[in-house]
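Engineer: What follows is a structure written as structure tokens; I'll ask about it next.
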Amino acid sequence: MVNTRSKIKKIQNTINLWFSKAAMADTNHLATESGALIGSNDDLLIEILLRLPVTSVLRFKSVSKHWRSLLSNRRFTLLYKNAGFFARSLCIPFDNENESIPPFRNLDFYPDPRGIRIMQSCNGLLLCRSNEGDARVYKYYVFNPTTKQFAVIPSILGGMAFRKTIIFMALAFHQTDCVHYKVVCFYFPEPDDVIKVQIYSSETGKWKISDDYMSLPDCSIDYIVFWNQAIHWYPFDEKSYFKLDTEEFQSLPSEDFENWEMTLYFGESRGHLHLVERVDRLQLNVFEMLNDHSGWFLKYRVDLDELTDAYPEMICSNLDPLSLDYYEFDVFDVVRGEEEEETFMVIRVPGKVIRYNVVDKSFKQISDKIGQTRGIYVHRYIESLVSF
């Protein structure tokens, strides 16, 4: 591992040095230099650039027309992925030795006087809105934190009267399907006692009203997830997802779970929809949904006993040792690896964030900057070079 990182570092230093020299050269000389460096071998160039920080990749788009075309091509943008998560204003990489995650301090890409907050992450894009104030004047944004591109989403159809009844917005985007995204608005127009849907397409730049509707849920929505061409939410109700291709509300089976109140996580990774249930003080079940939405199956059983020795601050000594809350932790994410043995969970213990491998049970600390507060909402970050 050390040798590999050392080699990558040398490649980064070499190519950055070359870029500095090349940037001062005229166009013809630049073409000669680049041809000599990579021998007109796009595969070699891609292998090198995949190992560079995104800031370098974005700079290299200005080297030549050929490089810009190559780095904008979906073949490259789909391969280039570094990941982490946002928690409050922090951007924390899943690999704490990975320096390619760009710094992220403030959502200041647009001068919104009410501030900006993240509502949802979806395959490299963020759905954001105004942080405070009257809901009727909230602005909504789609933001790519990698390229710093953003779009202000126009108001839904129906004006102020409908804007004040918005329950939640959801973002639908997957760059393997299309470079365009959709924003889905769930609202209850008075005096109707039902939820209706409007869908915004970045391709047309317009909203459209969908025909289907559902009854109002009995509780607030904690999680919003785009998976398998549908918007899903949790807690589940009579209807629990909206299919974008048919524009219909559908239900997810819920009879497979023992204790719905102890659900710690609901989210997607590499095309898999997961739900994490706490079944004992330190025991978790990770369920996965079948692709046809027909049922859940138990994917992983996770035992966190070894974490308490390494992080005794998890113990709430003022509580009954038999209480489910005796050990304090949250599940931030479930991340599937390219190989099964690379799958891990992101777990918060007081003041720290842990990366826990669900297969070999190894773990390591990836951050100590998260603070002590429980119930933090986090949003996954995937570097995306896609342009709007």
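By order in the structure tokens, chains are A, B, ...; within a chain, residues start at 1; ligands start at 1, following the order shown.
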Env of region 295-311 of chain A: 6 Å cut, atoms = only C-alpha atoms, seq-sep filter 2 positions within chain, self excluded. Answer as an mmCIF file with C-alpha atoms, in the first residue's frame.
Structural biologist:
data_model
loop_
_atom_site.group_PDB
_atom_site.id
_atom_site.type_symbol
_atom_site.label_atom_id
_atom_site.label_comp_id
_atom_site.auth_asym_id
_atom_site.auth_seq_id
_atom_site.Cartn_x
_atom_site.Cartn_y
_atom_site.Cartn_z
ATOM 1 C CA PRO A 253 -42.995 -4.520 1.467
ATOM 2 C CA LEU A 282 -24.474 -3.520 19.281
ATOM 3 C CA GLN A 283 -26.037 -5.801 16.665
ATOM 4 C CA LEU A 284 -27.273 -4.530 13.307
ATOM 5 C CA ASN A 285 -29.067 -6.119 10.385
ATOM 6 C CA VAL A 286 -28.437 -4.662 6.934
ATOM 7 C CA PHE A 287 -31.303 -5.435 4.559
ATOM 8 C CA GLU A 288 -31.246 -5.045 0.791
ATOM 9 C CA MET A 289 -34.211 -4.542 -1.531
ATOM 10 C CA LEU A 290 -34.675 -6.798 -4.567
ATOM 11 C CA HIS A 293 -39.149 -3.979 -5.372
ATOM 12 C CA GLU A 313 -16.732 6.873 24.988
#
Engineer: Name the residues of region 31-275 of chain A that come out as strand (DSSP E) in a backbone DSSP run; write them as a tab-separated table (two decimals) with N, CA and C atoms, in the first residue's frame.
Structural biologist:
chain	number	residue	atom	x	y	z
A	83	ALA	N	-14.83	9.64	-3.10
A	83	ALA	CA	-16.06	9.78	-2.33
A	83	ALA	C	-15.80	10.13	-0.88
A	84	GLY	N	-16.82	10.68	-0.27
A	84	GLY	CA	-16.82	11.02	1.14
A	84	GLY	C	-18.23	11.44	1.51
A	85	PHE	N	-18.35	12.31	2.52
A	85	PHE	CA	-19.67	12.79	2.88
A	85	PHE	C	-19.58	14.19	3.46
A	86	PHE	N	-20.70	14.91	3.37
A	86	PHE	CA	-20.85	16.21	3.98
A	86	PHE	C	-21.59	16.05	5.30
A	87	ALA	N	-21.07	16.67	6.35
A	87	ALA	CA	-21.75	16.74	7.63
A	87	ALA	C	-21.66	18.20	8.09
A	90	LEU	N	-18.70	20.36	6.94
A	90	LEU	CA	-17.48	19.58	6.74
A	90	LEU	C	-17.60	18.64	5.56
A	91	CYS	N	-16.51	18.48	4.82
A	91	CYS	CA	-16.42	17.47	3.77
A	91	CYS	C	-15.37	16.45	4.22
A	92	ILE	N	-15.81	15.22	4.47
A	92	ILE	CA	-14.93	14.20	5.05
A	92	ILE	C	-14.80	13.03	4.08
A	93	PRO	N	-13.58	12.74	3.60
A	93	PRO	CA	-13.40	11.60	2.68
A	93	PRO	C	-13.55	10.28	3.41
A	116	ILE	N	-27.90	28.70	2.72
A	116	ILE	CA	-28.21	27.54	1.90
A	116	ILE	C	-27.92	26.28	2.69
A	117	ARG	N	-28.79	25.28	2.56
A	117	ARG	CA	-28.58	23.99	3.22
A	117	ARG	C	-28.77	22.87	2.20
A	118	ILE	N	-28.09	21.75	2.47
A	118	ILE	CA	-28.20	20.57	1.62
A	118	ILE	C	-29.45	19.79	2.03
A	119	MET	N	-30.24	19.41	1.04
A	119	MET	CA	-31.42	18.59	1.29
A	119	MET	C	-31.20	17.13	0.91
A	120	GLN	N	-30.42	16.89	-0.15
A	120	GLN	CA	-30.23	15.52	-0.64
A	120	GLN	C	-28.99	15.49	-1.52
A	121	SER	N	-28.28	14.36	-1.50
A	121	SER	CA	-27.21	14.13	-2.46
A	121	SER	C	-27.64	13.02	-3.40
A	122	CYS	N	-27.19	13.09	-4.65
A	122	CYS	CA	-27.61	12.10	-5.63
A	122	CYS	C	-26.53	11.95	-6.70
A	125	LEU	N	-24.36	15.09	-7.41
A	125	LEU	CA	-25.04	16.38	-7.39
A	125	LEU	C	-25.74	16.56	-6.04
A	126	LEU	N	-25.91	17.81	-5.64
A	126	LEU	CA	-26.59	18.14	-4.39
A	126	LEU	C	-27.85	18.94	-4.69
A	127	LEU	N	-28.93	18.59	-4.02
A	127	LEU	CA	-30.14	19.41	-4.04
A	127	LEU	C	-30.12	20.27	-2.80
A	128	CYS	N	-30.16	21.57	-2.98
A	128	CYS	CA	-30.07	22.51	-1.86
A	128	CYS	C	-31.27	23.46	-1.89
A	129	ARG	N	-31.49	24.11	-0.76
A	129	ARG	CA	-32.54	25.14	-0.71
A	129	ARG	C	-32.15	26.20	0.30
A	130	SER	N	-32.91	27.28	0.31
A	130	SER	CA	-32.71	28.33	1.30
A	130	SER	C	-32.83	27.73	2.70
A	140	TYR	N	-34.56	26.91	-4.61
A	140	TYR	CA	-34.00	25.57	-4.69
A	140	TYR	C	-32.90	25.56	-5.74
A	141	TYR	N	-31.85	24.77	-5.45
A	141	TYR	CA	-30.68	24.74	-6.31
A	141	TYR	C	-30.22	23.30	-6.55
A	142	VAL	N	-29.63	23.06	-7.70
A	142	VAL	CA	-28.87	21.84	-7.94
A	142	VAL	C	-27.42	22.28	-8.11
A	143	PHE	N	-26.53	21.66	-7.32
A	143	PHE	CA	-25.14	22.12	-7.23
A	143	PHE	C	-24.20	20.94	-7.43
A	144	ASN	N	-23.21	21.11	-8.30
A	144	ASN	CA	-22.13	20.13	-8.43
A	144	ASN	C	-20.92	20.67	-7.68
A	149	GLN	N	-20.44	24.09	-10.58
A	149	GLN	CA	-21.58	24.50	-11.37
A	149	GLN	C	-22.86	24.39	-10.54
A	150	PHE	N	-23.82	25.28	-10.81
A	150	PHE	CA	-25.09	25.20	-10.11
A	150	PHE	C	-26.21	25.71	-11.02
A	151	ALA	N	-27.42	25.35	-10.67
A	151	ALA	CA	-28.60	25.83	-11.38
A	151	ALA	C	-29.65	26.23	-10.36
A	152	VAL	N	-30.29	27.35	-10.59
A	152	VAL	CA	-31.42	27.77	-9.75
A	152	VAL	C	-32.68	27.16	-10.36
A	153	ILE	N	-33.41	26.38	-9.56
A	153	ILE	CA	-34.60	25.70	-10.06
A	153	ILE	C	-35.78	26.67	-10.05
A	166	ILE	N	-45.35	22.68	-0.07
A	166	ILE	CA	-44.34	21.69	-0.44
A	166	ILE	C	-43.96	20.85	0.79
A	167	ILE	N	-44.04	19.53	0.65
A	167	ILE	CA	-43.62	18.62	1.72
A	167	ILE	C	-42.13	18.33	1.59
A	168	PHE	N	-41.69	17.93	0.41
A	168	PHE	CA	-40.27	17.79	0.16
A	168	PHE	C	-40.00	17.78	-1.33
A	169	MET	N	-38.77	18.11	-1.65
A	169	MET	CA	-38.26	18.02	-3.03
A	169	MET	C	-37.27	16.86	-3.07
A	170	ALA	N	-37.14	16.25	-4.24
A	170	ALA	CA	-36.19	15.15	-4.41
A	170	ALA	C	-35.47	15.29	-5.73
A	171	LEU	N	-34.20	14.88	-5.73
A	171	LEU	CA	-33.37	14.95	-6.93
A	171	LEU	C	-33.19	13.56	-7.51
A	172	ALA	N	-33.32	13.45	-8.82
A	172	ALA	CA	-33.12	12.18	-9.53
A	172	ALA	C	-32.06	12.39	-10.60
A	182	LYS	N	-33.61	15.38	-12.89
A	182	LYS	CA	-34.99	15.78	-12.62
A	182	LYS	C	-35.11	16.16	-11.15
A	183	VAL	N	-35.96	17.13	-10.87
A	183	VAL	CA	-36.31	17.49	-9.51
A	183	VAL	C	-37.80	17.19	-9.35
A	184	VAL	N	-38.13	16.45	-8.31
A	184	VAL	CA	-39.51	16.02	-8.09
A	184	VAL	C	-40.06	16.71	-6.84
A	185	CYS	N	-41.18	17.39	-6.99
A	185	CYS	CA	-41.79	18.14	-5.90
A	185	CYS	C	-43.04	17.41	-5.41
A	186	PHE	N	-43.09	17.13	-4.11
A	186	PHE	CA	-44.25	16.52	-3.47
A	186	PHE	C	-44.94	17.59	-2.62
A	187	TYR	N	-46.21	17.87	-2.89
A	187	TYR	CA	-46.91	18.96	-2.22
A	187	TYR	C	-48.38	18.59	-2.04
A	194	VAL	N	-54.50	15.39	-0.18
A	194	VAL	CA	-53.65	14.38	-0.82
A	194	VAL	C	-52.34	15.03	-1.26
A	195	ILE	N	-51.35	14.18	-1.49
A	195	ILE	CA	-50.07	14.64	-2.02
A	195	ILE	C	-50.07	14.51	-3.53
A	196	LYS	N	-49.69	15.58	-4.18
A	196	LYS	CA	-49.55	15.57	-5.64
A	196	LYS	C	-48.09	15.80	-6.00
A	197	VAL	N	-47.78	15.65	-7.28
A	197	VAL	CA	-46.39	15.66	-7.73
A	197	VAL	C	-46.24	16.56	-8.95
A	198	GLN	N	-45.16	17.33	-8.93
A	198	GLN	CA	-44.70	18.03	-10.13
A	198	GLN	C	-43.26	17.59	-10.41
A	199	ILE	N	-42.90	17.51	-11.68
A	199	ILE	CA	-41.58	17.03	-12.08
A	199	ILE	C	-40.91	18.08	-12.96
A	200	TYR	N	-39.70	18.48	-12.56
A	200	TYR	CA	-38.91	19.42	-13.35
A	200	TYR	C	-37.81	18.67	-14.08
A	201	SER	N	-37.63	18.96	-15.35
A	201	SER	CA	-36.58	18.33	-16.15
A	201	SER	C	-35.55	19.38	-16.54
A	206	LYS	N	-38.53	22.91	-17.68
A	206	LYS	CA	-39.93	23.17	-17.33
A	206	LYS	C	-40.45	22.16	-16.32
A	207	TRP	N	-41.47	22.60	-15.56
A	207	TRP	CA	-42.21	21.73	-14.66
A	207	TRP	C	-43.41	21.12	-15.38
A	208	LYS	N	-43.80	19.92	-14.98
A	208	LYS	CA	-45.04	19.31	-15.45
A	208	LYS	C	-45.75	18.69	-14.26
A	209	ILE	N	-47.09	18.67	-14.30
A	209	ILE	CA	-47.89	18.12	-13.22
A	209	ILE	C	-48.20	16.66	-13.53
A	214	MET	N	-51.35	10.58	-3.68
A	214	MET	CA	-51.41	9.67	-2.53
A	214	MET	C	-51.92	10.43	-1.32
A	215	SER	N	-52.37	9.70	-0.30
A	215	SER	CA	-52.85	10.34	0.93
A	215	SER	C	-51.67	10.89	1.72
A	223	TYR	N	-35.73	10.27	5.39
A	223	TYR	CA	-34.76	9.94	4.34
A	223	TYR	C	-35.43	10.05	2.97
A	224	ILE	N	-34.68	10.56	2.00
A	224	ILE	CA	-35.13	10.63	0.60
A	224	ILE	C	-34.03	10.03	-0.25
A	225	VAL	N	-34.36	9.02	-1.05
A	225	VAL	CA	-33.35	8.26	-1.80
A	225	VAL	C	-33.83	8.03	-3.22
A	226	PHE	N	-32.95	8.31	-4.19
A	226	PHE	CA	-33.22	7.96	-5.59
A	226	PHE	C	-32.54	6.62	-5.88
A	227	TRP	N	-33.35	5.65	-6.31
A	227	TRP	CA	-32.82	4.32	-6.62
A	227	TRP	C	-33.73	3.65	-7.64
A	230	ALA	N	-36.61	5.56	-9.28
A	230	ALA	CA	-37.73	5.93	-8.43
A	230	ALA	C	-37.24	6.73	-7.23
A	231	ILE	N	-38.11	7.60	-6.72
A	231	ILE	CA	-37.85	8.34	-5.49
A	231	ILE	C	-38.46	7.57	-4.33
A	232	HIS	N	-37.61	7.20	-3.34
A	232	HIS	CA	-38.06	6.45	-2.17
A	232	HIS	C	-37.95	7.34	-0.94
A	233	TRP	N	-38.76	7.05	0.07
A	233	TRP	CA	-38.67	7.81	1.31
A	233	TRP	C	-38.91	6.90	2.51
A	234	TYR	N	-38.45	7.37	3.64
A	234	TYR	CA	-38.60	6.64	4.90
A	234	TYR	C	-38.89	7.66	6.01
A	241	TYR	N	-42.79	4.88	-2.51
A	241	TYR	CA	-41.91	5.36	-3.57
A	241	TYR	C	-42.72	5.80	-4.77
A	242	PHE	N	-42.07	6.62	-5.61
A	242	PHE	CA	-42.70	7.18	-6.80
A	242	PHE	C	-41.86	6.83	-8.00
A	243	LYS	N	-42.42	6.05	-8.92
A	243	LYS	CA	-41.70	5.62	-10.12
A	243	LYS	C	-41.72	6.74	-11.16
A	248	GLU	N	-46.03	6.91	-11.09
A	248	GLU	CA	-47.00	6.27	-10.21
A	248	GLU	C	-46.43	6.08	-8.81
A	249	PHE	N	-47.29	6.22	-7.80
A	249	PHE	CA	-46.93	5.88	-6.44
A	249	PHE	C	-47.03	4.37	-6.25
A	250	GLN	N	-46.07	3.80	-5.49
A	250	GLN	CA	-46.06	2.37	-5.24
A	250	GLN	C	-45.70	2.13	-3.77
A	263	THR	N	-34.79	1.64	13.13
A	263	THR	CA	-34.11	1.82	11.85
A	263	THR	C	-33.10	2.97	11.97
A	264	LEU	N	-31.85	2.69	11.61
A	264	LEU	CA	-30.77	3.66	11.76
A	264	LEU	C	-30.33	4.28	10.44
A	265	TYR	N	-30.72	3.67	9.33
A	265	TYR	CA	-30.22	4.16	8.04
A	265	TYR	C	-31.10	3.64	6.91
A	266	PHE	N	-31.25	4.46	5.88
A	266	PHE	CA	-31.95	4.08	4.66
A	266	PHE	C	-31.27	4.80	3.51
A	267	GLY	N	-30.68	4.04	2.57
A	267	GLY	CA	-29.94	4.70	1.50
A	267	GLY	C	-29.51	3.73	0.42
A	268	GLU	N	-28.82	4.28	-0.58
A	268	GLU	CA	-28.42	3.53	-1.78
A	268	GLU	C	-26.91	3.56	-1.96
A	269	SER	N	-26.36	2.49	-2.52
A	269	SER	CA	-24.94	2.46	-2.87
A	269	SER	C	-24.72	1.48	-4.01
A	272	HIS	N	-27.64	-0.54	-5.05
A	272	HIS	CA	-28.28	-1.37	-4.02
A	272	HIS	C	-28.99	-0.47	-3.01
A	273	LEU	N	-30.24	-0.80	-2.69
A	273	LEU	CA	-30.98	-0.05	-1.68
A	273	LEU	C	-30.89	-0.79	-0.35
A	274	HIS	N	-30.45	-0.08	0.69
A	274	HIS	CA	-30.22	-0.69	2.00
A	274	HIS	C	-31.08	-0.06	3.09
A	275	LEU	N	-31.39	-0.85	4.09
A	275	LEU	CA	-32.01	-0.37	5.32
A	275	LEU	C	-31.30	-1.07	6.48
Engineer: Report as a list in words: the residues of region 69-244 of chain A with a DSSP assignment of helix (DSSP H, G or I), based on the backbone of this structure.
Structural biologist: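 Those in region 69-244 of chain A that DSSP calls helix (DSSP H, G or I) are Ser69, Leu70, Leu71, Ser72, Arg74, Arg75, Phe76, Thr77, Ala135, Arg136, Val137, Met160, Ala161, Phe162 and Arg163 of chain A.
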Engineer: Kindly save the residues from that selection, with N, CA and C atoms included, as a PDB file, in the first residue's frame.
Structural biologist:
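Generated file (selection-v8.pdb):
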ATOM      1  N   SER A  69     -11.693  17.319 -24.543  1.00  0.00           N
ATOM      2  CA  SER A  69     -12.680  16.365 -25.041  1.00  0.00           C
ATOM      3  C   SER A  69     -12.598  15.049 -24.279  1.00  0.00           C
ATOM      4  N   LEU A  70     -11.374  14.580 -24.029  1.00  0.00           N
ATOM      5  CA  LEU A  70     -11.175  13.312 -23.341  1.00  0.00           C
ATOM      6  C   LEU A  70     -11.687  13.381 -21.906  1.00  0.00           C
ATOM      7  N   LEU A  71     -11.379  14.482 -21.210  1.00  0.00           N
ATOM      8  CA  LEU A  71     -11.759  14.601 -19.804  1.00  0.00           C
ATOM      9  C   LEU A  71     -13.236  14.933 -19.622  1.00  0.00           C
ATOM     10  N   SER A  72     -13.908  15.347 -20.694  1.00  0.00           N
ATOM     11  CA  SER A  72     -15.344  15.614 -20.633  1.00  0.00           C
ATOM     12  C   SER A  72     -16.159  14.427 -21.112  1.00  0.00           C
ATOM     13  N   ARG A  74     -17.889  10.823 -21.323  1.00  0.00           N
ATOM     14  CA  ARG A  74     -18.522  10.011 -20.283  1.00  0.00           C
ATOM     15  C   ARG A  74     -17.657   8.808 -19.907  1.00  0.00           C
ATOM     16  N   ARG A  75     -16.847   8.350 -20.857  1.00  0.00           N
ATOM     17  CA  ARG A  75     -15.954   7.226 -20.556  1.00  0.00           C
ATOM     18  C   ARG A  75     -15.053   7.557 -19.381  1.00  0.00           C
ATOM     19  N   PHE A  76     -14.566   8.802 -19.319  1.00  0.00           N
ATOM     20  CA  PHE A  76     -13.704   9.206 -18.214  1.00  0.00           C
ATOM     21  C   PHE A  76     -14.505   9.610 -16.988  1.00  0.00           C
ATOM     22  N   THR A  77     -15.574  10.407 -17.179  1.00  0.00           N
ATOM     23  CA  THR A  77     -16.313  10.930 -16.028  1.00  0.00           C
ATOM     24  C   THR A  77     -16.974   9.827 -15.224  1.00  0.00           C
ATOM     25  N   ALA A 135     -41.287  29.619   3.765  1.00  0.00           N
ATOM     26  CA  ALA A 135     -41.177  28.549   2.774  1.00  0.00           C
ATOM     27  C   ALA A 135     -41.669  28.984   1.405  1.00  0.00           C
ATOM     28  N   ARG A 136     -42.538  29.987   1.359  1.00  0.00           N
ATOM     29  CA  ARG A 136     -43.071  30.437   0.079  1.00  0.00           C
ATOM     30  C   ARG A 136     -42.026  31.115  -0.796  1.00  0.00           C
ATOM     31  N   VAL A 137     -40.941  31.569  -0.173  1.00  0.00           N
ATOM     32  CA  VAL A 137     -39.908  32.261  -0.958  1.00  0.00           C
ATOM     33  C   VAL A 137     -38.581  31.498  -0.971  1.00  0.00           C
ATOM     34  N   MET A 160     -47.368  31.065  -5.259  1.00  0.00           N
ATOM     35  CA  MET A 160     -47.164  31.067  -3.814  1.00  0.00           C
ATOM     36  C   MET A 160     -48.072  30.077  -3.086  1.00  0.00           C
ATOM     37  N   ALA A 161     -49.304  29.951  -3.561  1.00  0.00           N
ATOM     38  CA  ALA A 161     -50.273  29.092  -2.883  1.00  0.00           C
ATOM     39  C   ALA A 161     -49.800  27.652  -2.825  1.00  0.00           C
ATOM     40  N   PHE A 162     -49.128  27.178  -3.880  1.00  0.00           N
ATOM     41  CA  PHE A 162     -48.620  25.811  -3.902  1.00  0.00           C
ATOM     42  C   PHE A 162     -47.258  25.709  -3.237  1.00  0.00           C
ATOM     43  N   ARG A 163     -46.439  26.740  -3.365  1.00  0.00           N
ATOM     44  CA  ARG A 163     -45.084  26.684  -2.796  1.00  0.00           C
ATOM     45  C   ARG A 163     -45.109  26.516  -1.284  1.00  0.00           C
TER      46      ARG A 163
END
Engineer: By how many Å are CA of Gly133 (chain A) and CA of Asp218 (chain A) apart?
Structural biologist: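 Spanning CA of Gly133 (chain A) to CA of Asp218 (chain A) is a straight-line distance of 25.1 Å.
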Engineer: How many Å separate CA of Asn41 (chain A) from CA of His66 (chain A)?
Structural biologist: 11.8 Å
Engineer: Tell me, in Å to one decimal, how far CA of Gly159 (chain A) is from CA of Ser220 (chain A).
Structural biologist: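 Between CA of Gly159 (chain A) and CA of Ser220 (chain A) the gap is 23.9 Å.
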Engineer: Neighbouring residues of Asn123 (chain A) were defined as those with any atom within 8 Å, considering only C-alpha atoms; residues of the same chain fewer than 6 positions away were excluded. Please report them as a count of residues only.
Structural biologist: 6
Engineer: Any idea what's packed within 6 Å of region 367-369 of chain A, counting only C-alpha atoms, ignoring anything in its chain fewer than 6 positions away? Could you give it as a ChimeraX atom specification?
Structural biologist: /A:351-353
Engineer: Go ahead and save the residues from that selection, with N, CA, C and O atoms, as a short mmCIF file (atom, residue, chain, number, x, y, z; two decimals), in the first residue's frame.
Structural biologist:
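Full text of part.cif as output:
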data_model
loop_
_atom_site.label_atom_id
_atom_site.label_comp_id
_atom_site.auth_asym_id
_atom_site.auth_seq_id
_atom_site.Cartn_x
_atom_site.Cartn_y
_atom_site.Cartn_z
N GLY A 351 -17.81 12.15 18.95
CA GLY A 351 -16.64 12.92 18.55
C GLY A 351 -15.83 12.34 17.42
O GLY A 351 -14.86 12.97 16.98
N LYS A 352 -16.19 11.18 16.90
CA LYS A 352 -15.36 10.52 15.88
C LYS A 352 -16.24 9.84 14.83
O LYS A 352 -17.40 9.51 15.08
N VAL A 353 -15.62 9.61 13.66
CA VAL A 353 -16.28 8.86 12.59
C VAL A 353 -15.40 7.67 12.25
O VAL A 353 -14.18 7.81 12.06
#
Engineer: Counting only C-alpha atoms, figure out which residue out of A:Tyr377, A:Trp67, A:Phe94, A:Phe60 gets nearest to Val335 (chain A).
Structural biologist: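 Of all the options, A:Phe94 lies closest to Val335 (chain A).
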Engineer: For Gln365 (chain A), which of A:Ser64, A:Asp95, A:Glu342, A:Cys316 is the closest residue, counting only C-alpha atoms?
Structural biologist: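 Looking only at the distances to Gln365 (chain A), the closest residue turns out to be A:Asp95.
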